[in-house]
Amino acid sequence: MTSVERVGARAYRVPTPAPEADGTLAWDATTIVVVHAEAGGIRGLGWTYADAACVPLIDGVLADAVRGRPVLDVPACWAAMQHAIRNLGRPGLVSCAMSAVDIALWDAAARSLGLPLSRLLGRVHDEVAVYGSGGFTTLSGDELTAQLDHWVRQQGIPRVKIKIGGSPDRALDRVALARTAIGDDTALYVDANGAYSPGRARRVAERLTEWGVTWFEEPVSSDDLPGLAGTRFPGGPDIAAGEYGYDLPYFARMLPVVDCLQVDVTRCGGYTEWRRATALAAAANRDVSAHCAPNLSAHAAVATQNFRHIEWFADHDRIEQRLFDGCLDPAGGTVAPSMTAPGHGLAFRADAAAEYAL
């Protein structure tokens, strides 16, 4: 059986078009760590949105853990990585690094069999829904309106999300502006990125119903489980969190206090851990939503029965369109990974990425 021969990584820092911010953080660039896994002439591709500090960990500890193992035994490779990083700590950058390697290995395994990745994972949906995501707090009213118009009227996406934070009055003014811009027939979501105290989050949540907001993401810190639970009320927006989940115990703790669990395939431990996290959610009768990395998330999404939608995040969409061939088109509000292209069907454009290399 073909074995994993080499795993290597490289980091790239891609500037944003302008400074961006949400309710708790500001940034002017996004770093992507790209991984290739080679086995018998096959080259699998994965990536994570994380710090360049992931690169030496991937090139060293993680590559050593999987080298020589059968490329089709991806869960066994994942278990070997998990064992190797015991003293390094799983949550955070280590999990992001593991995720990128795991994704590359699943891609290599599917390519070695000539199968689409979603079929190897066990496809259950022909297509899955997406929502446009951005709406940064740094955008002016006109800029926010233009972005929303692009998603809703130019791309035909019937679900959009904006960032909120700061004073409740300013946040609700932005919500009102967004509702006016998109009309009554488009679903409106908001994300506070943990900006509020429990009391303030509850007051904002109660007002959001006036504009038909059906999704309130991270109203408080995702570490504040009682605060998340206290923001939920009958008839209110779904409370969502989970994007910072790096291991199964995190997701198990999160499930009782959210209406929809978010999972990031580039953080949680890759497709291998995604499948276990989504099974936990199914057991708790919860849907799953994919956080960011849209072109990688789509392949796990169509293989997840209890799946709701993919966050088609503006920053990651721009980066993936620029650095990879084979990206999906969210126009119409759904995506459907190819049923003929082997693996995830994506190819890294090294020439386009060269100027961003670290």
# chains A, B, ... in the order shown; residues from 1 in each chain; ligands from 1
>>> closest_atom_pairs(of="segment 288-319 of chain A", to="segment 47-51 of chain A", cutoff="10 Å", atoms="only C-alpha atoms", output="CSV")
residue,atom,partner,partner_atom,distance
A:Cys292,CA,A:Tyr49,CA,9.3
A:Ala293,CA,A:Tyr49,CA,7.9
A:Leu296,CA,A:Trp47,CA,8.6
A:His316,CA,A:Tyr49,CA,8.6
>>> residues_around(residues="segment 123-128 of chain A", least_positions_apart="5", cutoff="10 Å", atoms="only C-alpha atoms", output="ChimeraX atom specification")
/A:116-118,298-310,330,333-339
>>> closest_residue(among="A:Thr31, A:Thr231, A:Ser133, A:Ser3", to="Pro294 of chain A", atoms="only C-alpha atoms")
A:Ser133
>>> atom_distance(atom1="atom CA of Arg286 of chain A", atom2="atom CA of Val258 of chain A")
8.4 Å
>>> closest_residue(among="A:Ala108, A:Ala37, A:Ala129, A:Ala277", to="His344 of chain A", atoms="only C-alpha atoms")
A:Ala108
>>> residues_around(residues="Ala357 of chain A", least_positions_apart="6", cutoff="10 Å", atoms="only C-alpha atoms", output="NGL selection string")
:A and (10-14 or 31-33 or 350)
>>> write_last_selection(atoms="N, CA, C and O atoms", output="CSV table (one decimal), in the first residue's frame")
chain,number,residue,atom,x,y,z
A,10,ARG,N,4.3,25.9,4.1
A,10,ARG,CA,4.8,27.2,3.9
A,10,ARG,C,3.7,28.2,4.3
A,10,ARG,O,2.5,28.0,4.0
A,11,ALA,N,4.1,29.3,4.8
A,11,ALA,CA,3.1,30.3,5.3
A,11,ALA,C,3.2,31.5,4.3
A,11,ALA,O,4.2,31.9,3.8
A,12,TYR,N,2.0,32.2,4.2
A,12,TYR,CA,1.8,33.3,3.3
A,12,TYR,C,0.9,34.3,4.0
A,12,TYR,O,-0.1,34.0,4.6
A,13,ARG,N,1.3,35.6,3.9
A,13,ARG,CA,0.6,36.7,4.6
A,13,ARG,C,0.0,37.6,3.5
A,13,ARG,O,0.7,38.2,2.8
A,14,VAL,N,-1.4,37.6,3.5
A,14,VAL,CA,-2.1,38.3,2.4
A,14,VAL,C,-2.7,39.5,3.0
A,14,VAL,O,-3.6,39.4,3.9
A,31,THR,N,-2.9,35.4,7.5
A,31,THR,CA,-1.9,34.4,7.3
A,31,THR,C,-2.5,33.1,7.0
A,31,THR,O,-3.4,32.6,7.7
A,32,ILE,N,-2.1,32.4,5.9
A,32,ILE,CA,-2.5,31.1,5.6
A,32,ILE,C,-1.3,30.2,5.5
A,32,ILE,O,-0.3,30.5,5.0
A,33,VAL,N,-1.4,29.0,6.1
A,33,VAL,CA,-0.4,28.0,6.1
A,33,VAL,C,-0.8,26.9,5.2
A,33,VAL,O,-1.8,26.2,5.5
A,350,ALA,N,1.2,28.4,-6.9
A,350,ALA,CA,2.5,28.8,-6.2
A,350,ALA,C,2.9,30.2,-6.8
A,350,ALA,O,3.5,31.0,-6.1
>>> residues_around(residues="Thr16 of chain A", least_positions_apart="2", cutoff="10 Å", atoms="only C-alpha atoms", output="PyMOL selection string")
chain A and resi 13-14+18-20+27-30+315+318-319
>>> closest_residue(among="A:Leu177, A:Val4, A:Val204, A:Leu105", to="Pro70 of chain A", atoms="only C-alpha atoms")
A:Val4
>>> select_by_dssp(residues="segment 210-247 of chain A", states="helix (DSSP H, G or I)", output="ChimeraX atom specification")
/A:210-211,225-231
>>> write_last_selection(atoms="all heavy atoms", output="JSON list (two decimals), in the first residue's frame")
[["chain", "number", "residue", "atom", "x", "y", "z"],
["A", 210, "GLU", "N", -36.70, 42.84, 16.32],
["A", 210, "GLU", "CA", -37.41, 43.90, 15.59],
["A", 210, "GLU", "C", -37.02, 43.94, 14.12],
["A", 210, "GLU", "O", -37.80, 44.41, 13.28],
["A", 210, "GLU", "CB", -37.11, 45.26, 16.24],
["A", 210, "GLU", "CG", -37.57, 45.37, 17.68],
["A", 210, "GLU", "CD", -37.11, 46.67, 18.33],
["A", 210, "GLU", "OE1", -36.88, 47.66, 17.58],
["A", 210, "GLU", "OE2", -36.98, 46.71, 19.57],
["A", 211, "TRP", "N", -35.82, 43.46, 13.81],
["A", 211, "TRP", "CA", -35.35, 43.46, 12.42],
["A", 211, "TRP", "C", -35.27, 42.04, 11.84],
["A", 211, "TRP", "O", -34.67, 41.83, 10.81],
["A", 211, "TRP", "CB", -33.98, 44.14, 12.33],
["A", 211, "TRP", "CG", -34.07, 45.62, 12.59],
["A", 211, "TRP", "CD1", -34.42, 46.60, 11.70],
["A", 211, "TRP", "CD2", -33.85, 46.26, 13.84],
["A", 211, "TRP", "NE1", -34.43, 47.82, 12.33],
["A", 211, "TRP", "CE2", -34.08, 47.65, 13.64],
["A", 211, "TRP", "CE3", -33.48, 45.83, 15.11],
["A", 211, "TRP", "CZ2", -33.95, 48.58, 14.66],
["A", 211, "TRP", "CZ3", -33.35, 46.76, 16.13],
["A", 211, "TRP", "CH2", -33.58, 48.12, 15.90],
["A", 225, "LEU", "N", -19.97, 30.08, 29.07],
["A", 225, "LEU", "CA", -21.08, 29.19, 28.75],
["A", 225, "LEU", "C", -22.39, 29.64, 29.42],
["A", 225, "LEU", "O", -23.43, 29.64, 28.75],
["A", 225, "LEU", "CB", -20.73, 27.76, 29.13],
["A", 225, "LEU", "CG", -19.50, 27.16, 28.42],
["A", 225, "LEU", "CD1", -19.31, 25.70, 28.81],
["A", 225, "LEU", "CD2", -19.59, 27.31, 26.91],
["A", 226, "PRO", "N", -22.39, 30.03, 30.69],
["A", 226, "PRO", "CA", -23.64, 30.55, 31.25],
["A", 226, "PRO", "C", -24.14, 31.79, 30.52],
["A", 226, "PRO", "O", -25.35, 31.98, 30.37],
["A", 226, "PRO", "CB", -23.26, 30.87, 32.71],
["A", 226, "PRO", "CG", -22.10, 29.98, 33.01],
["A", 226, "PRO", "CD", -21.33, 29.92, 31.72],
["A", 227, "GLY", "N", -23.21, 32.65, 30.06],
["A", 227, "GLY", "CA", -23.61, 33.84, 29.32],
["A", 227, "GLY", "C", -24.27, 33.49, 28.00],
["A", 227, "GLY", "O", -25.26, 34.12, 27.60],
["A", 228, "LEU", "N", -23.73, 32.50, 27.30],
["A", 228, "LEU", "CA", -24.37, 32.05, 26.05],
["A", 228, "LEU", "C", -25.77, 31.52, 26.33],
["A", 228, "LEU", "O", -26.73, 31.85, 25.63],
["A", 228, "LEU", "CB", -23.51, 30.97, 25.39],
["A", 228, "LEU", "CG", -22.21, 31.41, 24.74],
["A", 228, "LEU", "CD1", -21.38, 30.20, 24.32],
["A", 228, "LEU", "CD2", -22.48, 32.29, 23.52],
["A", 229, "ALA", "N", -25.88, 30.68, 27.35],
["A", 229, "ALA", "CA", -27.19, 30.10, 27.69],
["A", 229, "ALA", "C", -28.19, 31.19, 28.05],
["A", 229, "ALA", "O", -29.38, 31.12, 27.68],
["A", 229, "ALA", "CB", -27.04, 29.11, 28.84],
["A", 230, "GLY", "N", -27.71, 32.24, 28.77],
["A", 230, "GLY", "CA", -28.61, 33.29, 29.22],
["A", 230, "GLY", "C", -29.08, 34.21, 28.12],
["A", 230, "GLY", "O", -30.02, 34.98, 28.31],
["A", 231, "THR", "N", -28.44, 34.16, 26.95],
["A", 231, "THR", "CA", -28.84, 35.00, 25.82],
["A", 231, "THR", "C", -29.96, 34.35, 25.01],
["A", 231, "THR", "O", -30.61, 35.01, 24.20],
["A", 231, "THR", "CB", -27.63, 35.30, 24.92],
["A", 231, "THR", "OG1", -26.52, 35.72, 25.71],
["A", 231, "THR", "CG2", -27.93, 36.40, 23.92]]
>>> select_by_dssp(residues="segment 59-304 of chain A", states="strand (DSSP E or B)", output="count of residues only")
35
>>> residues_around(residues="Asp191 of chain A", least_positions_apart="5", cutoff="12 Å", atoms="only C-alpha atoms", output="ChimeraX atom specification")
/A:21-24,133-137,160-165,171,174-175,196,201,204-205,208,213-222,237-241,243,311
>>> residues_around(residues="Asp247 of chain A", least_positions_apart="2", cutoff="8 Å", atoms="only C-alpha atoms", output="NGL selection string")
:A and (90-91 or 95 or 245 or 249-251 or 268-269 or 273)
>>> atom_distance(atom1="atom CA of Trp274 of chain A", atom2="atom CA of Thr186 of chain A")
29.0 Å
>>> closest_residue(among="A:Val288, A:Leu323, A:Leu328, A:Ala252", to="Ala352 of chain A", atoms="only C-alpha atoms")
A:Leu323
>>> residues_around(residues="Ala9 of chain A", least_positions_apart="2", cutoff="8 Å", atoms="only C-alpha atoms", output="list in words")
Val7, Ala11, Val33, Val34, Val35, His36, Val55, Pro56, Ile58 and Asp59 of chain A
